[in-house]
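S.K.: Contents of my_file_12.cif (mmCIF, C-alpha atoms and all ligand atoms) are below:
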data_target
loop_
_atom_site.label_atom_id
_atom_site.label_comp_id
_atom_site.auth_asym_id
_atom_site.auth_seq_id
_atom_site.Cartn_x
_atom_site.Cartn_y
_atom_site.Cartn_z
CA MET A 69 13.79 52.21 -26.16
CA ALA A 70 10.22 53.37 -25.68
CA ASP A 71 9.51 56.08 -23.10
CA LYS A 72 8.51 54.76 -19.70
CA PHE A 73 5.45 55.86 -17.84
CA GLN A 74 5.38 57.07 -14.26
CA SER A 75 2.47 57.21 -11.87
CA ILE A 76 1.10 60.74 -11.61
CA LYS A 77 1.88 63.03 -8.72
CA GLY A 78 0.09 62.10 -5.51
CA PHE A 79 -0.98 58.68 -6.82
CA TYR A 80 1.24 55.95 -5.42
CA ASP A 81 1.85 52.26 -5.92
CA ILE A 82 1.80 50.19 -2.79
CA LEU A 83 4.54 47.64 -3.43
CA PRO A 84 4.68 44.02 -2.25
CA GLU A 85 7.33 44.79 0.37
CA HIS A 86 4.69 46.90 2.15
CA THR A 87 1.52 44.95 1.59
CA ALA A 88 1.98 42.56 4.52
CA LEU A 89 1.79 45.52 6.89
CA TRP A 90 -1.18 46.95 4.95
CA GLN A 91 -2.96 43.63 5.22
CA LYS A 92 -2.29 43.45 8.92
CA LEU A 93 -3.88 46.87 9.27
CA GLU A 94 -6.88 45.95 7.10
CA ASP A 95 -7.43 42.54 8.69
CA THR A 96 -7.19 43.93 12.23
CA ALA A 97 -9.66 46.70 11.36
CA ARG A 98 -12.09 44.28 9.70
CA ARG A 99 -12.00 42.11 12.79
CA ALA A 100 -12.59 45.03 15.16
CA LEU A 101 -15.49 46.35 13.05
CA ALA A 102 -17.10 42.91 12.96
CA GLN A 103 -16.71 42.60 16.73
CA TYR A 104 -18.85 45.70 17.15
CA GLY A 105 -21.50 44.58 14.68
CA TYR A 106 -20.53 46.87 11.79
CA ARG A 107 -21.46 45.45 8.37
CA ASN A 108 -19.53 46.09 5.19
CA ILE A 109 -20.97 48.28 2.42
CA ARG A 110 -19.23 48.80 -0.93
CA LEU A 111 -19.81 52.10 -2.61
CA PRO A 112 -18.96 53.59 -6.02
CA LEU A 113 -15.90 55.79 -6.51
CA VAL A 114 -17.90 58.28 -8.56
CA GLU A 115 -20.92 60.22 -7.33
CA PRO A 116 -22.86 63.28 -8.52
CA THR A 117 -20.82 66.41 -7.72
CA ASP A 118 -23.81 67.97 -6.02
CA LEU A 119 -23.88 65.19 -3.40
CA PHE A 120 -20.58 66.47 -2.01
CA VAL A 121 -21.45 70.15 -2.39
CA ARG A 122 -24.64 69.61 -0.39
CA SER A 123 -23.10 67.43 2.32
CA VAL A 124 -19.44 68.34 2.81
CA GLY A 125 -20.40 71.98 2.23
CA GLU A 126 -19.77 74.67 -0.36
CA HIS A 127 -17.31 76.65 1.74
CA THR A 128 -14.96 73.86 2.71
CA ASP A 129 -11.44 73.08 1.48
CA ILE A 130 -12.70 69.88 -0.12
CA VAL A 131 -15.43 71.46 -2.23
CA GLU A 132 -13.66 74.76 -2.88
CA LYS A 133 -10.42 73.33 -4.19
CA GLU A 134 -9.81 69.61 -3.69
CA MET A 135 -12.37 67.72 -5.78
CA TYR A 136 -11.70 65.90 -9.03
CA SER A 137 -14.83 66.84 -10.92
CA TRP A 138 -15.80 66.67 -14.58
CA GLU A 139 -18.73 66.72 -16.91
CA ASP A 140 -19.85 63.41 -18.39
CA THR A 141 -19.37 63.84 -22.14
CA LEU A 142 -22.39 61.68 -22.95
CA ASN A 143 -25.11 63.34 -20.91
CA GLY A 144 -23.58 66.41 -19.29
CA ASP A 145 -23.87 65.02 -15.72
CA GLN A 146 -21.55 66.70 -13.22
CA LEU A 147 -19.50 63.95 -11.60
CA THR A 148 -16.83 63.74 -8.90
CA LEU A 149 -14.32 61.16 -7.70
CA ARG A 150 -15.30 60.70 -4.08
CA PRO A 151 -13.18 62.84 -1.71
CA GLU A 152 -14.66 61.09 1.34
CA GLY A 153 -17.03 58.24 2.09
CA THR A 154 -19.82 59.56 4.31
CA ALA A 155 -21.78 61.34 1.57
CA GLY A 156 -21.94 58.25 -0.65
CA CYS A 157 -22.82 56.06 2.30
CA VAL A 158 -25.71 58.34 3.27
CA ARG A 159 -26.82 58.42 -0.37
CA ALA A 160 -26.90 54.60 -0.41
CA VAL A 161 -28.72 54.37 2.94
CA ILE A 162 -31.45 56.66 1.61
CA GLU A 163 -31.59 55.12 -1.85
CA HIS A 164 -32.03 51.59 -0.48
CA SER A 165 -34.06 52.53 2.64
CA LEU A 166 -31.47 50.71 4.73
CA THR A 167 -32.79 52.07 8.02
CA TYR A 168 -36.40 51.09 7.23
CA ASN A 169 -36.27 48.18 9.66
CA GLY A 170 -34.15 49.85 12.30
CA PRO A 171 -30.71 51.28 12.92
CA GLN A 172 -27.67 50.27 10.91
CA ARG A 173 -23.97 50.06 11.65
CA LEU A 174 -21.98 50.16 8.39
CA TRP A 175 -18.34 50.33 7.34
CA TYR A 176 -16.45 50.73 4.08
CA MET A 177 -12.89 50.78 2.89
CA GLY A 178 -11.31 52.22 -0.21
CA ALA A 179 -9.61 54.98 -2.13
CA MET A 180 -10.53 58.66 -1.78
CA PHE A 181 -9.36 61.46 -4.06
CA ARG A 182 -8.43 65.04 -3.20
CA HIS A 183 -6.46 67.44 -5.33
CA GLU A 184 -4.21 68.87 -2.62
CA ASN A 185 -0.56 69.64 -1.99
CA VAL A 186 1.35 66.42 -1.79
CA GLN A 187 3.38 65.86 1.38
CA LYS A 188 4.24 62.95 3.64
CA GLY A 189 0.87 61.64 4.82
CA ARG A 190 -1.00 63.82 2.32
CA GLN A 191 -1.71 62.29 -1.06
CA ARG A 192 -4.13 62.79 -3.92
CA GLN A 193 -5.29 59.21 -3.85
CA PHE A 194 -5.41 57.91 -0.31
CA HIS A 195 -7.36 55.23 1.50
CA GLN A 196 -9.81 55.33 4.32
CA ILE A 197 -11.75 52.91 6.43
CA GLY A 198 -14.94 54.59 7.50
CA ALA A 199 -17.74 53.53 9.81
CA GLU A 200 -21.19 55.08 10.07
CA ALA A 201 -24.00 54.34 12.52
CA PHE A 202 -27.50 55.40 11.49
CA GLY A 203 -30.53 55.71 13.75
CA TYR A 204 -28.86 56.17 17.12
CA ALA A 205 -29.35 59.52 18.82
CA GLY A 206 -27.57 59.05 22.15
CA PRO A 207 -23.91 59.43 23.05
CA ASP A 208 -23.62 55.65 23.56
CA VAL A 209 -22.85 55.08 19.88
CA ASP A 210 -20.41 58.02 19.74
CA ALA A 211 -18.58 56.43 22.68
CA GLU A 212 -18.76 52.96 21.19
CA GLN A 213 -17.09 54.12 17.98
CA ILE A 214 -14.32 55.80 19.95
CA VAL A 215 -13.83 52.72 22.14
CA MET A 216 -13.72 50.56 19.00
CA LEU A 217 -10.92 52.75 17.62
CA ALA A 218 -9.05 52.55 20.92
CA ARG A 219 -9.29 48.77 20.65
CA LEU A 220 -8.02 48.87 17.07
CA TRP A 221 -4.97 50.94 18.03
CA ARG A 222 -4.31 48.56 20.91
CA GLU A 223 -4.56 45.51 18.69
CA LEU A 224 -2.30 47.03 16.07
CA GLY A 225 0.17 48.00 18.78
CA LEU A 226 0.17 51.71 17.83
CA CYS A 227 2.17 54.05 20.00
CA ASP A 228 1.74 57.75 20.69
CA VAL A 229 -1.93 58.40 19.92
CA GLU A 230 -4.10 60.97 21.65
CA LEU A 231 -7.87 61.39 21.52
CA GLN A 232 -9.24 64.92 21.25
CA ILE A 233 -12.94 65.61 21.54
CA ASN A 234 -15.23 68.61 21.38
CA SER A 235 -18.89 69.45 20.97
CA ILE A 236 -19.83 71.87 18.22
CA GLY A 237 -23.47 72.11 19.27
CA ASP A 238 -26.59 71.95 17.17
CA ALA A 239 -27.32 74.02 14.06
CA ALA A 240 -29.09 76.79 16.00
CA GLU A 241 -26.36 77.00 18.64
CA ARG A 242 -23.74 77.09 15.95
CA ALA A 243 -25.60 79.80 14.03
CA GLU A 244 -25.67 81.97 17.13
CA TYR A 245 -22.03 81.22 17.93
CA ARG A 246 -21.17 82.04 14.31
CA GLN A 247 -22.46 85.60 14.84
CA THR A 248 -20.56 85.90 18.13
CA LEU A 249 -17.43 84.72 16.40
CA ILE A 250 -17.80 87.03 13.40
CA ALA A 251 -18.25 89.98 15.75
CA TYR A 252 -15.22 88.90 17.78
CA PHE A 253 -12.95 88.48 14.74
CA GLU A 254 -14.23 91.71 13.17
CA GLY A 255 -13.05 93.39 16.34
CA HIS A 256 -9.57 92.04 15.57
CA ALA A 257 -9.72 92.43 11.78
CA GLY A 258 -6.18 93.78 11.65
CA LEU A 259 -4.80 90.50 12.96
CA LEU A 260 -6.56 88.21 10.48
CA ASP A 261 -4.60 86.57 7.66
CA GLU A 262 -5.93 86.29 4.10
CA ASP A 263 -7.48 82.87 4.67
CA ALA A 264 -9.26 84.06 7.77
CA LYS A 265 -10.55 87.21 6.06
CA ARG A 266 -11.91 85.10 3.25
CA ARG A 267 -13.61 82.75 5.69
CA LEU A 268 -14.87 85.38 8.11
CA HIS A 269 -18.37 85.47 6.64
CA SER A 270 -18.52 82.12 4.85
CA ASN A 271 -17.10 79.71 7.44
CA PRO A 272 -15.81 81.56 10.52
CA LEU A 273 -15.56 78.40 12.63
CA ARG A 274 -12.81 77.18 10.35
CA ILE A 275 -10.68 80.14 11.45
CA LEU A 276 -10.41 78.37 14.81
CA ASP A 277 -8.33 75.56 13.35
CA SER A 278 -5.95 77.86 11.47
CA LYS A 279 -2.35 76.71 11.85
CA ASN A 280 -0.93 80.22 11.29
CA PRO A 281 1.25 81.07 14.34
CA ARG A 282 0.42 84.79 14.01
CA MET A 283 -3.25 84.05 14.64
CA GLN A 284 -2.89 81.77 17.65
CA GLU A 285 -3.26 84.48 20.25
CA ILE A 286 -6.60 85.82 19.02
CA ILE A 287 -7.86 82.29 18.47
CA GLU A 288 -6.91 81.29 22.04
CA ALA A 289 -8.86 84.25 23.38
CA ALA A 290 -11.96 83.68 21.21
CA PRO A 291 -15.28 82.85 22.87
CA ARG A 292 -15.82 79.08 23.18
CA LEU A 293 -18.81 77.32 21.64
CA LEU A 294 -18.75 74.72 24.41
CA ASP A 295 -19.54 77.44 26.95
CA THR A 296 -22.69 78.48 25.11
CA LEU A 297 -24.26 75.04 24.57
CA GLY A 298 -27.89 74.49 25.57
CA SER A 299 -28.81 71.85 28.14
CA GLU A 300 -29.54 69.07 25.63
CA THR A 301 -26.31 69.31 23.71
CA ARG A 302 -24.42 69.78 26.96
CA ALA A 303 -26.01 66.58 28.32
CA HIS A 304 -24.98 64.72 25.18
CA TYR A 305 -21.41 65.93 25.62
CA ASP A 306 -21.37 65.08 29.34
CA GLY A 307 -22.83 61.65 28.56
CA LEU A 308 -20.05 60.97 26.10
CA CYS A 309 -17.38 62.00 28.62
CA GLN A 310 -18.97 59.76 31.24
CA LEU A 311 -18.98 56.76 28.90
CA LEU A 312 -15.37 57.33 27.88
CA ASP A 313 -14.38 57.60 31.55
CA ASP A 314 -16.24 54.35 32.28
CA ALA A 315 -14.43 52.64 29.40
CA GLY A 316 -11.06 53.93 30.60
CA VAL A 317 -10.38 55.79 27.34
CA ALA A 318 -8.36 58.94 27.94
CA TYR A 319 -9.28 62.11 26.02
CA ARG A 320 -8.47 65.78 25.88
CA LEU A 321 -11.07 68.48 25.32
CA ASN A 322 -9.93 70.62 22.39
CA THR A 323 -12.40 73.49 22.07
CA ARG A 324 -10.79 74.51 18.77
CA LEU A 325 -11.61 71.22 17.12
CA VAL A 326 -14.31 72.06 14.56
CA ARG A 327 -13.61 69.64 11.67
CA GLY A 328 -13.43 70.73 8.06
CA LEU A 329 -16.76 69.37 6.89
CA ASP A 330 -20.07 71.14 7.33
CA TYR A 331 -22.26 68.20 8.25
CA TYR A 332 -21.08 67.65 11.81
CA ASN A 333 -23.01 68.58 14.96
CA ARG A 334 -22.55 67.85 18.66
CA THR A 335 -19.71 65.33 19.03
CA VAL A 336 -16.53 65.76 17.00
CA PHE A 337 -13.32 63.88 17.65
CA GLU A 338 -9.87 63.29 16.23
CA TRP A 339 -7.14 60.82 17.05
CA VAL A 340 -3.77 62.52 16.64
CA THR A 341 -0.14 61.55 16.89
CA ALA A 342 2.94 63.71 17.34
CA LYS A 343 5.00 61.27 15.28
CA LEU A 344 3.85 62.35 11.80
CA GLY A 345 4.56 66.07 11.83
CA SER A 346 1.74 68.31 10.64
CA GLN A 347 -0.16 65.35 9.11
CA GLY A 348 -0.82 64.06 12.61
CA THR A 349 -4.55 63.31 12.46
CA ILE A 350 -4.93 59.57 11.89
CA ALA A 351 -8.70 59.30 12.30
CA ALA A 352 -11.53 61.77 12.62
CA GLY A 353 -15.26 61.75 12.99
CA GLY A 354 -18.34 62.90 14.77
CA ARG A 355 -22.08 63.15 14.76
CA TYR A 356 -24.12 64.38 11.78
CA ASP A 357 -27.75 64.25 12.82
CA SER A 358 -29.23 66.35 10.02
CA LEU A 359 -27.34 65.05 6.98
CA VAL A 360 -29.70 62.20 6.09
CA GLU A 361 -32.68 64.55 6.04
CA GLN A 362 -30.67 67.21 4.24
CA LEU A 363 -29.95 64.72 1.46
CA GLY A 364 -33.61 63.78 1.05
CA GLY A 365 -34.08 60.93 3.56
CA ASP A 366 -36.19 60.73 6.71
CA ALA A 367 -34.65 62.50 9.69
CA THR A 368 -32.11 59.97 11.04
CA PRO A 369 -29.47 60.71 13.66
CA ALA A 370 -26.02 59.45 12.67
CA CYS A 371 -22.44 59.29 13.78
CA GLY A 372 -19.29 58.13 12.01
CA PHE A 373 -15.56 58.38 11.49
CA ALA A 374 -12.86 57.80 8.91
CA ILE A 375 -9.37 56.43 9.43
CA GLY A 376 -6.57 57.64 7.15
CA LEU A 377 -4.86 54.37 6.28
CA GLU A 378 -1.64 55.84 4.85
CA ARG A 379 -1.09 57.73 8.08
CA ILE A 380 -1.79 54.66 10.19
CA PHE A 381 0.65 52.73 8.01
CA LEU A 382 3.35 55.38 8.55
CA LEU A 383 2.66 55.34 12.29
CA MET A 384 2.85 51.53 12.38
CA GLN A 385 6.31 51.82 10.84
CA GLU A 386 7.29 54.56 13.31
CA CYS A 387 6.16 52.34 16.17
CA GLY A 388 8.21 49.39 14.92
CA ILE A 389 5.22 47.20 14.05
CA GLU A 390 6.10 44.46 11.60
CA ALA A 391 4.27 41.92 9.48
CA SER A 392 5.47 39.15 7.23
CA ASP A 393 4.07 37.49 4.14
CA ALA A 394 6.85 34.90 3.99
CA PRO A 395 5.74 31.37 3.07
CA ASP A 396 5.95 28.44 5.49
CA VAL A 397 7.92 26.37 3.04
CA TYR A 398 10.23 26.91 0.08
CA LEU A 399 10.24 23.72 -1.97
CA VAL A 400 13.67 23.04 -3.45
CA ASN A 401 13.62 20.45 -6.24
CA VAL A 402 16.78 19.39 -8.05
CA GLY A 403 16.82 16.97 -10.97
CA GLU A 404 14.25 15.72 -13.42
CA SER A 405 12.36 13.27 -11.21
CA ALA A 406 12.27 15.72 -8.27
CA GLU A 407 10.93 18.42 -10.57
CA ARG A 408 8.10 16.07 -11.54
CA GLN A 409 7.30 15.22 -7.92
CA ALA A 410 7.44 18.81 -6.67
CA PRO A 411 3.94 20.01 -7.72
CA ARG A 412 2.30 16.98 -6.08
CA ILE A 413 4.25 17.51 -2.85
CA ALA A 414 3.44 21.23 -2.89
CA GLU A 415 -0.29 20.46 -3.20
CA ALA A 416 -0.10 17.97 -0.32
CA LEU A 417 1.48 20.68 1.86
CA ARG A 418 -1.16 23.20 0.80
CA ASN A 419 -3.88 20.68 1.66
CA ALA A 420 -2.42 20.82 5.17
CA ASP A 421 -2.99 24.61 5.10
CA LEU A 422 0.66 25.51 4.57
CA ALA A 423 1.85 28.34 2.30
CA VAL A 424 4.34 26.92 -0.18
CA VAL A 425 6.55 28.56 -2.74
CA MET A 426 7.63 25.87 -5.17
CA HIS A 427 10.92 26.61 -6.81
CA ALA A 428 10.31 26.89 -10.54
CA GLY A 429 12.72 27.10 -13.42
CA GLY A 430 15.35 24.57 -12.36
CA GLY A 431 18.89 25.49 -11.35
CA SER A 432 21.52 24.07 -9.01
CA PHE A 433 20.91 23.08 -5.38
CA LYS A 434 23.04 26.03 -4.27
CA ALA A 435 21.11 28.53 -6.38
CA GLN A 436 17.77 27.18 -5.16
CA MET A 437 18.85 27.27 -1.50
CA LYS A 438 19.82 30.89 -1.98
CA LYS A 439 16.28 31.61 -3.17
CA ALA A 440 14.86 29.67 -0.21
CA ASP A 441 16.91 31.87 2.07
CA ARG A 442 15.73 35.04 0.39
CA SER A 443 12.07 33.96 0.57
CA ALA A 444 12.30 34.09 4.39
CA ALA A 445 10.41 30.79 4.54
CA ARG A 446 10.44 29.04 7.91
CA TYR A 447 11.58 25.79 6.27
CA ALA A 448 13.17 24.56 3.07
CA LEU A 449 11.75 21.26 1.91
CA ILE A 450 14.34 19.64 -0.31
CA ILE A 451 13.87 16.88 -2.85
CA GLY A 452 16.58 15.44 -5.10
CA ASP A 453 17.14 12.10 -6.81
CA ASP A 454 17.99 10.42 -3.47
CA GLU A 455 14.82 11.60 -1.76
CA VAL A 456 12.64 10.58 -4.70
CA ALA A 457 14.21 7.11 -4.80
CA ALA A 458 13.56 6.65 -1.07
CA SER A 459 10.09 8.29 -1.16
CA GLU A 460 11.29 10.80 1.43
CA VAL A 461 11.95 14.50 1.74
CA THR A 462 14.60 16.55 3.49
CA LEU A 463 13.29 19.20 5.88
CA LYS A 464 15.67 22.01 6.73
CA PRO A 465 14.70 24.62 9.32
CA MET A 466 15.67 28.06 8.05
CA LEU A 467 14.36 30.55 10.56
CA VAL A 468 13.42 28.17 13.33
CA ALA A 469 15.57 26.07 15.65
CA GLY A 470 16.21 22.41 14.80
CA GLU A 471 18.29 20.04 12.74
CA GLN A 472 17.92 19.12 9.08
CA ALA A 473 16.23 15.72 8.77
CA ARG A 474 15.28 13.10 6.15
CA LEU A 475 11.75 11.82 6.71
CA SER A 476 8.54 10.74 5.00
CA LEU A 477 6.27 13.45 3.56
CA ASP A 478 3.61 12.64 6.17
CA LYS A 479 6.11 13.07 9.00
CA ALA A 480 7.33 16.30 7.42
CA ILE A 481 3.79 17.67 7.30
CA GLU A 482 3.33 16.66 10.93
CA GLU A 483 6.48 18.57 11.81
CA LEU A 484 5.47 21.62 9.78
CA THR A 485 1.98 21.89 11.26
CA LYS A 486 3.01 21.26 14.88
P1 LIG A 501 -6.41 67.25 7.19
O1 LIG A 501 -6.74 68.28 8.19
O2 LIG A 501 -5.17 66.48 7.52
O3 LIG A 501 -6.42 67.75 5.77
P2 LIG A 501 -9.13 66.38 6.89
O4 LIG A 501 -9.85 67.03 8.00
O5 LIG A 501 -9.19 66.96 5.53
O6 LIG A 501 -7.58 66.15 7.28
P3 LIG A 501 -10.94 64.13 6.88
O7 LIG A 501 -11.73 64.58 5.74
O8 LIG A 501 -11.50 64.22 8.23
O9 LIG A 501 -9.49 64.84 6.85
O10 LIG A 501 -10.46 62.63 6.62
C1 LIG A 501 -10.25 61.68 7.67
C2 LIG A 501 -8.82 61.20 7.69
O11 LIG A 501 -8.39 60.85 6.39
C3 LIG A 501 -7.82 62.26 8.11
O12 LIG A 501 -7.78 62.36 9.49
C4 LIG A 501 -6.54 61.72 7.54
O13 LIG A 501 -6.02 60.70 8.38
C5 LIG A 501 -7.00 61.10 6.26
N1 LIG A 501 -6.73 62.01 5.13
C6 LIG A 501 -7.46 63.10 4.74
N2 LIG A 501 -6.91 63.67 3.64
C7 LIG A 501 -5.83 62.91 3.32
C8 LIG A 501 -4.85 62.96 2.26
N3 LIG A 501 -4.90 63.89 1.31
N4 LIG A 501 -3.87 62.02 2.25
C9 LIG A 501 -3.82 61.06 3.19
N5 LIG A 501 -4.71 60.96 4.20
C10 LIG A 501 -5.70 61.86 4.26
MG MG A 502 -7.88 68.13 4.38
#
Turn the structure described in the file into structure tokens.
M.R.:
Amino acid sequence: MADKFQSIKGFYDILPEHTALWQKLEDTARRALAQYGYRNIRLPLVEPTDLFVRSVGEHTDIVEKEMYSWEDTLNGDQLTLRPEGTAGCVRAVIEHSLTYNGPQRLWYMGAMFRHENVQKGRQRQFHQIGAEAFGYAGPDVDAEQIVMLARLWRELGLCDVELQINSIGDAAERAEYRQTLIAYFEGHAGLLDEDAKRRLHSNPLRILDSKNPRMQEIIEAAPRLLDTLGSETRAHYDGLCQLLDDAGVAYRLNTRLVRGLDYYNRTVFEWVTAKLGSQGTIAAGGRYDSLVEQLGGDATPACGFAIGLERIFLLMQECGIEASDAPDVYLVNVGESAERQAPRIAEALRNADLAVVMHAGGGSFKAQMKKADRSAARYALIIGDDEVAASEVTLKPMLVAGEQARLSLDKAIEELTK
């Protein structure tokens, strides 16, 4: 026998037994995004490597070690499989002057690629839904995105989610804080782990979200950026808190929340759950007011987030959320004349907007009923020689209450669509 292939590490198949729940997640998200006026944009999976280096940032986990990058053999272009969606979205907004006639609310969905250690909730190909709002400077849009996510969780029925927010100031405030932080950590150099030492001068803010237990004490005692904010950034933060209070969305200030990507400023937020171990962040985002200009566009304030769909899926399972893709009807057809009638009857049912699995391939009544059972259809519609002769069908409730009955096809459709 020939050798079989296997999918490569970190790249998973999503099998039919799980796709009903995936579709519930996707459909609910699409609906929520549309309700807030977000419009869908579809972006390429491959972008110039430099786009990510210049947006996500050179000294980030993503750019330092997680990107799938290669050189195009035809022209030597440096290319990368997208590790996140914001950079490509900003590229498209600039390339097509999408904000020329005013602000834009956009969303996208699709696969992202990061070469990282595979664990539960951490894959090499994973999926995100992202939303980005361009051209809005105030905290109203930050709040609206958060409220939209709260609605999405509610509509999915998610349990155990917590919102954490922080403000990481503007570039100048962060630059000053950076120096304060470097000085502070240099004063405790003996307590820094290897990662922290490496980051001390390149990306000291990232030390704040170190998970190393040995470092927690010095991190707890570090000066807080929030305390050094100027009046404008402070007002933005206070405005956001006010709007979240008004909307009845609970949040926790986490002054250590800095996010792993360089482009954020002011608002940052994460939705976290305790139910998924250390991969507990299910969605994350914030404001990135200078990125559009930094990538060659006109200065345009912006704010966005990305949802990690695999993690939401796992949390949906943890919370006991279910979805079904079972058909309405399994059409059992026994005997030559019934077999000939079955496709016509199936089409008539589908015209009435019913989902029908027509038994194919023949077999005994018993064998077909077994398949009907396994399909989890609400009803079995049965036709045999008797039914064909009488121009009737037999309708048997499978998962719903009621008696089996012989009736005309029209009456059966009436029953099924009640
Ligand atoms: P983490 O700290 O867990 O590595 P991150 O800060 O790198 O997350 P973002 O770049 O903010 O993640 O991506 C937004 C969301 O996408 C995350 O909150 C998470 O839900 C999801 N996500 C990120 N990386 C992965 C991955 N490798 N596998 C599955 N989901 C992921
Ligand atoms: Mg990461």
S.K.: Please identify all polymer residues within 12 Å of Phe433 in chain A, counting only C-alpha atoms, omitting same-chain residues fewer than 2 positions from it, and present them as a list in words.
M.R.: Leu399, Val400, Asn401, Val402, Gly403, Ala406, His427, Gly430, Gly431, Ala435, Gln436, Met437, Lys438, Lys439, Ala440, Ala448, Leu449, Ile450, Ile451, Gly452 and Asp453 of chain A
S.K.: Would you mind exporting the chosen residues as a PDB file, in the coordinates of the input, restricted to C-alpha atoms?
M.R.:
ATOM      1  CA  LEU A 399      10.240  23.720  -1.970  1.00  0.00           C
ATOM      2  CA  VAL A 400      13.670  23.040  -3.450  1.00  0.00           C
ATOM      3  CA  ASN A 401      13.620  20.450  -6.240  1.00  0.00           C
ATOM      4  CA  VAL A 402      16.780  19.390  -8.050  1.00  0.00           C
ATOM      5  CA  GLY A 403      16.820  16.970 -10.970  1.00  0.00           C
ATOM      6  CA  ALA A 406      12.270  15.720  -8.270  1.00  0.00           C
ATOM      7  CA  HIS A 427      10.920  26.610  -6.810  1.00  0.00           C
ATOM      8  CA  GLY A 430      15.350  24.570 -12.360  1.00  0.00           C
ATOM      9  CA  GLY A 431      18.890  25.490 -11.350  1.00  0.00           C
ATOM     10  CA  ALA A 435      21.110  28.530  -6.380  1.00  0.00           C
ATOM     11  CA  GLN A 436      17.770  27.180  -5.160  1.00  0.00           C
ATOM     12  CA  MET A 437      18.850  27.270  -1.500  1.00  0.00           C
ATOM     13  CA  LYS A 438      19.820  30.890  -1.980  1.00  0.00           C
ATOM     14  CA  LYS A 439      16.280  31.610  -3.170  1.00  0.00           C
ATOM     15  CA  ALA A 440      14.860  29.670  -0.210  1.00  0.00           C
ATOM     16  CA  ALA A 448      13.170  24.560   3.070  1.00  0.00           C
ATOM     17  CA  LEU A 449      11.750  21.260   1.910  1.00  0.00           C
ATOM     18  CA  ILE A 450      14.340  19.640  -0.310  1.00  0.00           C
ATOM     19  CA  ILE A 451      13.870  16.880  -2.850  1.00  0.00           C
ATOM     20  CA  GLY A 452      16.580  15.440  -5.100  1.00  0.00           C
ATOM     21  CA  ASP A 453      17.140  12.100  -6.810  1.00  0.00           C
TER      22      ASP A 453
END
S.K.: Let me know the centre plus edge lengths, in Å and rounded to one decimal, of a box with edges along x, y and z that contains all listed atoms of ligand LIG 501 (chain A) and is padded by 3 Å on every side, as AutoDock Vina command-line options.
M.R.:
--center_x -7.8 --center_y 64.5 --center_z 5.4 --size_x 13.9 --size_y 13.6 --size_z 14.2
S.K.: For ligand LIG 501 (chain A), which residue out of A:Ser235, A:Gln284, A:Thr368, A:Gln191 is the nearest one, using only C-alpha atoms and all ligand atoms?
M.R.: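 Result for the nearest residue to ligand LIG 501 (chain A): A:Gln191.
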S.K.: Between A:Asp277, A:Glu163, A:Asp210, A:Asp81, which residue has the minimum interatomic distance to ligand MG 502 (chain A), considering all atoms listed in the file?
M.R.: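 Nearest to ligand MG 502 (chain A): A:Asp277.
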S.K.: Mind giving me the straight-line distance from CA of Gln472 in chain A to CA of Ala394 in chain A in Å, one decimal?
M.R.: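 Between CA of Gln472 in chain A and CA of Ala394 in chain A the gap works out to 19.9 Å.
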S.K.: State, in Å with one decimal place, the distance from CA of Val456 in chain A to CA of Leu422 in chain A.
M.R.: 21.3 Å
S.K.: Rounded to one decimal, what separation in Å do you get between CA of Ile109 in chain A and CA of Pro151 in chain A?
M.R.: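 Answer for the CA of Ile109 in chain A to CA of Pro151 in chain A separation: 17.0 Å.
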S.K.: List all protein, DNA and RNA residues that have any atom at most 9 Å from ligand MG 502 (chain A), counting all atoms listed in the file, and write the list as a compact mmCIF listing (two decimals) with C-alpha atoms, in the frame of the given file.
M.R.:
# COMPACT_ATOMS: atom_id res chain seq x y z
CA ASP A 129 -11.44 73.08 1.48
CA ILE A 130 -12.70 69.88 -0.12
CA GLU A 134 -9.81 69.61 -3.69
CA ARG A 182 -8.43 65.04 -3.20
CA GLU A 184 -4.21 68.87 -2.62
CA ARG A 190 -1.00 63.82 2.32
CA GLY A 328 -13.43 70.73 8.06
S.K.: Find, counting all atoms listed in the file, the residue in A:Phe202, A:Tyr331, A:Tyr305, A:Tyr252 that gets nearest to ligand LIG 501 (chain A).
M.R.: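 Under the stated criterion, the closest residue is A:Tyr331.
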S.K.: List all protein, DNA and RNA residues that have any atom at most 6 Å from ligand LIG 501 (chain A), counting only C-alpha atoms and all ligand atoms, and write the list as a ChimeraX atom specification.
M.R.: /A:182,189-192,194,327-328,347,349-352,374-376,378-379
S.K.: List as a list in words the protein and nucleic acid residues near Gln91 in chain A, meaning an atom at most 12 Å away when only C-alpha atoms are counted, but skip any in the same chain fewer than 5 places from it.
M.R.: Ile82, Pro84, Glu85, His86, Thr96, Ala97, Arg98, Arg99, Leu224, Leu377, Phe381, Glu390, Ala391, Ser392 and Asp393 of chain A
S.K.: Counting all atoms listed in the file, figure out which residue out of A:Thr341, A:Asn169, A:Thr301, A:Thr154 gets nearest to Arg110 in chain A.
M.R.: A:Thr154
S.K.: Tell me which protein, DNA and RNA residues are within 12 Å of Glu262 in chain A, counting all atoms listed in the file, leaving out same-chain ones fewer than 5 positions away, and put them as JSON, numbers by chain.
M.R.: {"A": [257, 267, 268, 275, 278, 280, 282, 283]}
S.K.: Need to verify the contact set: Arg324 in chain A, 12 Å, only C-alpha atoms, exclusion of same-chain residues closer than 6 positions in sequence. Can you return it as an MDAnalysis selection string?
M.R.: chainID A and resid 232:236 272:279 284 287:294 336:338
S.K.: Which residue is closest to Ala160 in chain A? Choose from A:Val360, A:Val215, A:Leu311, A:Ala102 and count all atoms listed in the file.
M.R.: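 Among A:Val360, A:Val215, A:Leu311, A:Ala102, it is A:Val360 that comes nearest to Ala160 in chain A.
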